[in-house]
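Working notes, structure below.
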Amino acid sequence: MRDDTDTGDDETSDPLLAVVADPEQGDRHLPYLLGLLDGDDPEDRLRGAFALCLVVEASPDLLGPVVRRLVDRLDDDPPVAVPHALDYLAAREPKAVDEAVTDLAEERELRARQFLYQSGGGFARTESLSAEPGDRGTGPTRLPGGESHGDGPAVYTDEPDEGRPDASGPETPDEGSDEGDESADDTGEGRPDDDSETPSLTRGRLTLVERRLSDVVAESRFDDLNVLSDRQPDRFGDCYRAVVTRDGGDVPLTLSVFQVPEGDGTGFAESFRRAMASWVGVDDHESILTVHDWAVRPRPWAALEHTASSLADRDALPPDEAVATAVEVADAVGSAHQHGVVHGALDPRTVAYSDTTLTDTERGRPRVTAFGLARVYANYQALADFLDPSYAAPEHYAGRFGRVDHATDVYALGALLYRLVTGEPPYGGRPDEIRAGVLSDREPVPSDVDPDLPAGLDQVVRKAMATQKLTRYETVTHFRRELGGIGTDGT
């Protein structure tokens with residue numbers, strides 16, 4: 001006689017054996033497997049958890065339903081098989097589990113995240129690198145207030161651009177909200193929030209954010225590094241608002257935790273180390289964003305001078321302010337070139353500002369950021385993931401134009417100047433249209449957008465953005481000199 005719990009293909013089949021033999025058919029057995037988790041036999045619970053993981057591996061569309069059923073079984077003392085199954089699934093598919101947990105009611109979401117982080121796995125595991133010696137920055141890393149540490153880095157210069165994915169891929173930054181726990185309340189209380197654009201955190205959520213970053217905070221040189229915000233997706237990973245206390249006052253920082261590409265942790269770590277060392281080696285310039293601290297282990301991170309916005313957030317500037325900004329950015333890039341450091345991926349998101357808004361009396365000094373990072377990620381991501389394609393030089397698109405080098409930064413400065421005076425990117429449209437425009441022989445002309453712009457801007461932009469490198473300005477200094485000679489009163 002057939003057992004009511006047996007959903008196999010014949011009277012003698014065992015659902016567990018059926019799942020092991022053919023996990024893709026496991027959806028038929030989900031009620032039975034979940035029932036095993038509720039039983040009294042520890043071995044049956046482990047078998048059920050194992051089989052559920054096999055089913056999800058074979059049918060990823062079942063991950064969400066299975067995660068929700070596992071979370072339903074979390075209580076103050078759940079069977080060990082339940083959090084272990086959650087931990088396994090989160091280690092295998094961290095972003096998918098993160099999305100599934102985020103969709104739950106707040107109390108259930110917080111409970112799930114608490115168990116995931118207590119288990120030591122889940123979301124954090126994919127960002128971690130095992131400890132190795134020599135993984136900390138050795139450059140003159142400056143603390144807020146001007147204090148320095150270290151003896152100076154070996155400068156990272158022109159690294160070959162090998163293994164670059166196709167340039168037409170879409171931009172897909174990491175998404176998702178971050179942690180909280182069951183102690184969260186609805187008061188919105190937490191650490192003081194002095195930035196109206198960043199939502200305040202409940203005590204519970206902030207506790208788990210700090211727990212998630214505890215390994216990074218412990219590695220930093222700061223004794224009082226405090227995180228103030230939930231994570232925000234950034235081009236190369238996630239960033240958090242943070243603060244340290246110096247000389248009786250709070251100094252704001254941006255804590256960046258960088259994404260580690262799958263499958264090449266060692267190669268990525270070495271490239272990241274060289275890039276950060278080169279950035280630290282040039283950040284004493286007043287228009288280059290300061291790196292206060294950084295390390296590769298336990299996961300790549302950096303404590304940076306805090307910025308609130310970027311050129312990408314701004315409209316066109318008046319001609320005199322646009323030219324002055326372009327000159328300051330050129331000074332920063334030129335200073336880096338003198339130290340043998342090429343940026344390689346300048347665009348509006350790499351020109352940052354400390355203040356949220358510009359005033360009539362204070363324009364705000366731009367800070368060039370992310371030196372060398374795009375060169376690191378170019379081996380793992382499509383072009384649009386690490387550089388706005390509208391500002392990419394021809395050599396980013398086609399090898400026949402040469403490698404990414406100093407002339408690439410000259411091109412990008414011309415593209416940024418175009419953006420500063422027009423408020424528009426030099427090329428627009430679909431990815432294939434942008435590529436065709438960049439590779440054409442016709443450079444963009446600012447006066448086509450605004451005929452009242454000062455005479456001479458067209459010539460500077462066209463020469464800087466010439467398709468062939470030999471036709472561009474020979475150095476950033478030449479670009480800066482000719483730009484500085486342009487009258488901004490229309491003459």
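All residue names refer to the structure tokens as shown: chains lettered A, B, ... in order, residues numbered from 1 in each chain, ligands numbered from 1 in order.
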**Request:** Run DSSP on the backbone and give me the residues of region 172-395 of chain A it puts in strand (DSSP E), as a PyMOL selection string.
**Result:** chain A and resi 226-227+232-234+237-246+249-258+291-295+301-305+309-310+351-353+367-368
**Request:** Compile the contact shell of region 474-486 of chain A as an MDAnalysis selection string: residues with an atom at most 8 Å away, counting only C-alpha atoms, same-chain residues fewer than 3 positions apart removed.
**Result:** chainID A and resid 323 327 330:331 333:334 406:407 409:410 454:457 460 464 470
**Prompt:** Quick one: residues within 6 Å of region 298-305 of chain A, only C-alpha atoms counted, chain neighbours fewer than 2 positions away excluded, as number ranges by chain?
**Reply:** A: 127-129, 253-258, 290-296
Output the selection as a PDB file, in the first residue's frame - C-alpha atoms for each residue.
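Once everything was written out, this is selection-v7.pdb:
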```
ATOM      1  CA  GLU A 127      33.802  39.592  -0.416  1.00  0.00           C
ATOM      2  CA  SER A 128      36.477  38.046   1.794  1.00  0.00           C
ATOM      3  CA  LEU A 129      40.048  37.137   0.997  1.00  0.00           C
ATOM      4  CA  LEU A 253      34.848  59.797   5.564  1.00  0.00           C
ATOM      5  CA  THR A 254      33.550  57.552   2.828  1.00  0.00           C
ATOM      6  CA  LEU A 255      34.244  53.892   3.580  1.00  0.00           C
ATOM      7  CA  SER A 256      34.391  51.967   0.298  1.00  0.00           C
ATOM      8  CA  VAL A 257      34.249  48.151   0.227  1.00  0.00           C
ATOM      9  CA  PHE A 258      35.204  46.867  -3.198  1.00  0.00           C
ATOM     10  CA  THR A 290      42.705  61.849  -0.282  1.00  0.00           C
ATOM     11  CA  VAL A 291      43.044  58.189   0.665  1.00  0.00           C
ATOM     12  CA  HIS A 292      43.174  58.121   4.476  1.00  0.00           C
ATOM     13  CA  ASP A 293      43.633  54.360   4.813  1.00  0.00           C
ATOM     14  CA  TRP A 294      43.240  51.160   2.783  1.00  0.00           C
ATOM     15  CA  ALA A 295      44.023  47.461   2.729  1.00  0.00           C
ATOM     16  CA  VAL A 296      43.420  44.342   0.665  1.00  0.00           C
TER      17      VAL A 296
END
```
**Prompt:** Of the residues A:Leu30, A:Gln259, A:Arg108, A:Arg212, which is the one nearest to Pro233 (chain A), using only C-alpha atoms?
**Reply:** A:Gln259
**Prompt:** Which residues come within 8 Å of region 435-450 of chain A, counting only C-alpha atoms, excluding same-chain residues fewer than 5 positions away, as a list of chain:residue names?
**Reply:** A:Pro389, A:Ser390, A:Ala392, A:Ala393, A:Pro394, A:Tyr397, A:Tyr418, A:Val421, A:Thr422, A:Pro426, A:Tyr427, A:Leu457, A:Asp458, A:Val461, A:Arg462, A:Met465, A:Ala466, A:Thr467
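Nearest-residue note for Ser278 (chain A): choosing from A:Gly364, A:Ala312, A:Leu373, A:Asn226, the minimum distance belongs to A:Leu373, counting only C-alpha atoms.
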**Complete:** Nearest to Tyr473 (chain A), restricted to only C-alpha atoms and choosing among A:Pro451, A:Tyr377, A:Gly414, A:Ser59, comes out as A:Gly414
**Expected answer as a PyMOL selection string: alpha helix (DSSP H) residues in region 179-322 of chain A** = chain A and resi 203-212+214-219+265-282+319-322
Excluding same-chain residues fewer than 2 positions from Val342 (chain A), what lies within 9 Å of it counting only C-alpha atoms, as a short mmCIF file (atom, residue, chain, number, x, y, z; two decimals) with C-alpha atoms, in the first residue's frame?
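Final output, saved to around_10.cif:
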```
data_model
loop_
_atom_site.label_atom_id
_atom_site.label_comp_id
_atom_site.auth_asym_id
_atom_site.auth_seq_id
_atom_site.Cartn_x
_atom_site.Cartn_y
_atom_site.Cartn_z
CA TYR A 156 51.67 51.67 -10.54
CA THR A 157 51.94 53.01 -14.07
CA ASP A 158 51.02 51.60 -17.47
CA VAL A 333 45.95 64.73 -13.74
CA ALA A 336 49.81 62.39 -11.43
CA HIS A 337 51.46 62.03 -14.83
CA HIS A 339 54.71 60.76 -10.94
CA GLY A 340 54.17 58.18 -13.68
CA GLY A 344 42.84 55.91 -17.66
CA ALA A 345 39.09 56.33 -17.06
CA PHE A 371 42.99 56.57 -9.82
CA GLY A 372 43.83 53.20 -11.34
CA VAL A 404 45.37 53.28 -22.58
CA ASP A 405 48.03 55.80 -21.54
CA HIS A 406 48.70 59.50 -20.94
CA THR A 408 43.85 58.74 -23.02
CA ASP A 409 43.67 61.17 -20.10
#
```
**Request:** Please provide the set of residues having any atom within 12 Å of region 51-53 of chain A, restricted to only C-alpha atoms, with same-chain residues fewer than 2 positions apart removed, written as JSON, numbers by chain.
**Result:** {"A": [15, 16, 17, 18, 19, 20, 21, 22, 23, 24, 25, 26, 27, 28, 29, 30, 31, 32, 33, 34, 35, 36, 37, 44, 45, 46, 47, 48, 49, 55, 56, 57, 58, 59, 60, 62, 63, 65, 66, 67, 69, 70, 81, 82, 84, 85, 86, 87, 88, 89, 90, 91, 92, 93]}
**Asked** Nearest to Arg403 (chain A) among A:Gln468, A:Ala370, A:Asp432, A:Leu453, with distances taken over only C-alpha atoms: which residue is it?
**Response**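 Of A:Gln468, A:Ala370, A:Asp432, A:Leu453, the one nearest Arg403 (chain A) is A:Gln468, counting only C-alpha atoms.
Those residues that approach region 241-252 of chain A to within 9 Å, counting only C-alpha atoms, are Pro144, Gly145, Thr198, Phe222, Asp223, Asp224, Leu225, Asn226, Val227, Leu228, Ser229, Asp230, Arg231, Cys239, Thr254, Leu255, Ser256, Ala303, Glu305, His306 and Thr307 of chain A; same-chain residues fewer than 2 positions away are not listed.
Comparing A:Leu208, A:Ala112, A:Pro431, A:Arg235 by their smallest distance to Leu387 (chain A), the closest is A:Arg235 (using only C-alpha atoms).
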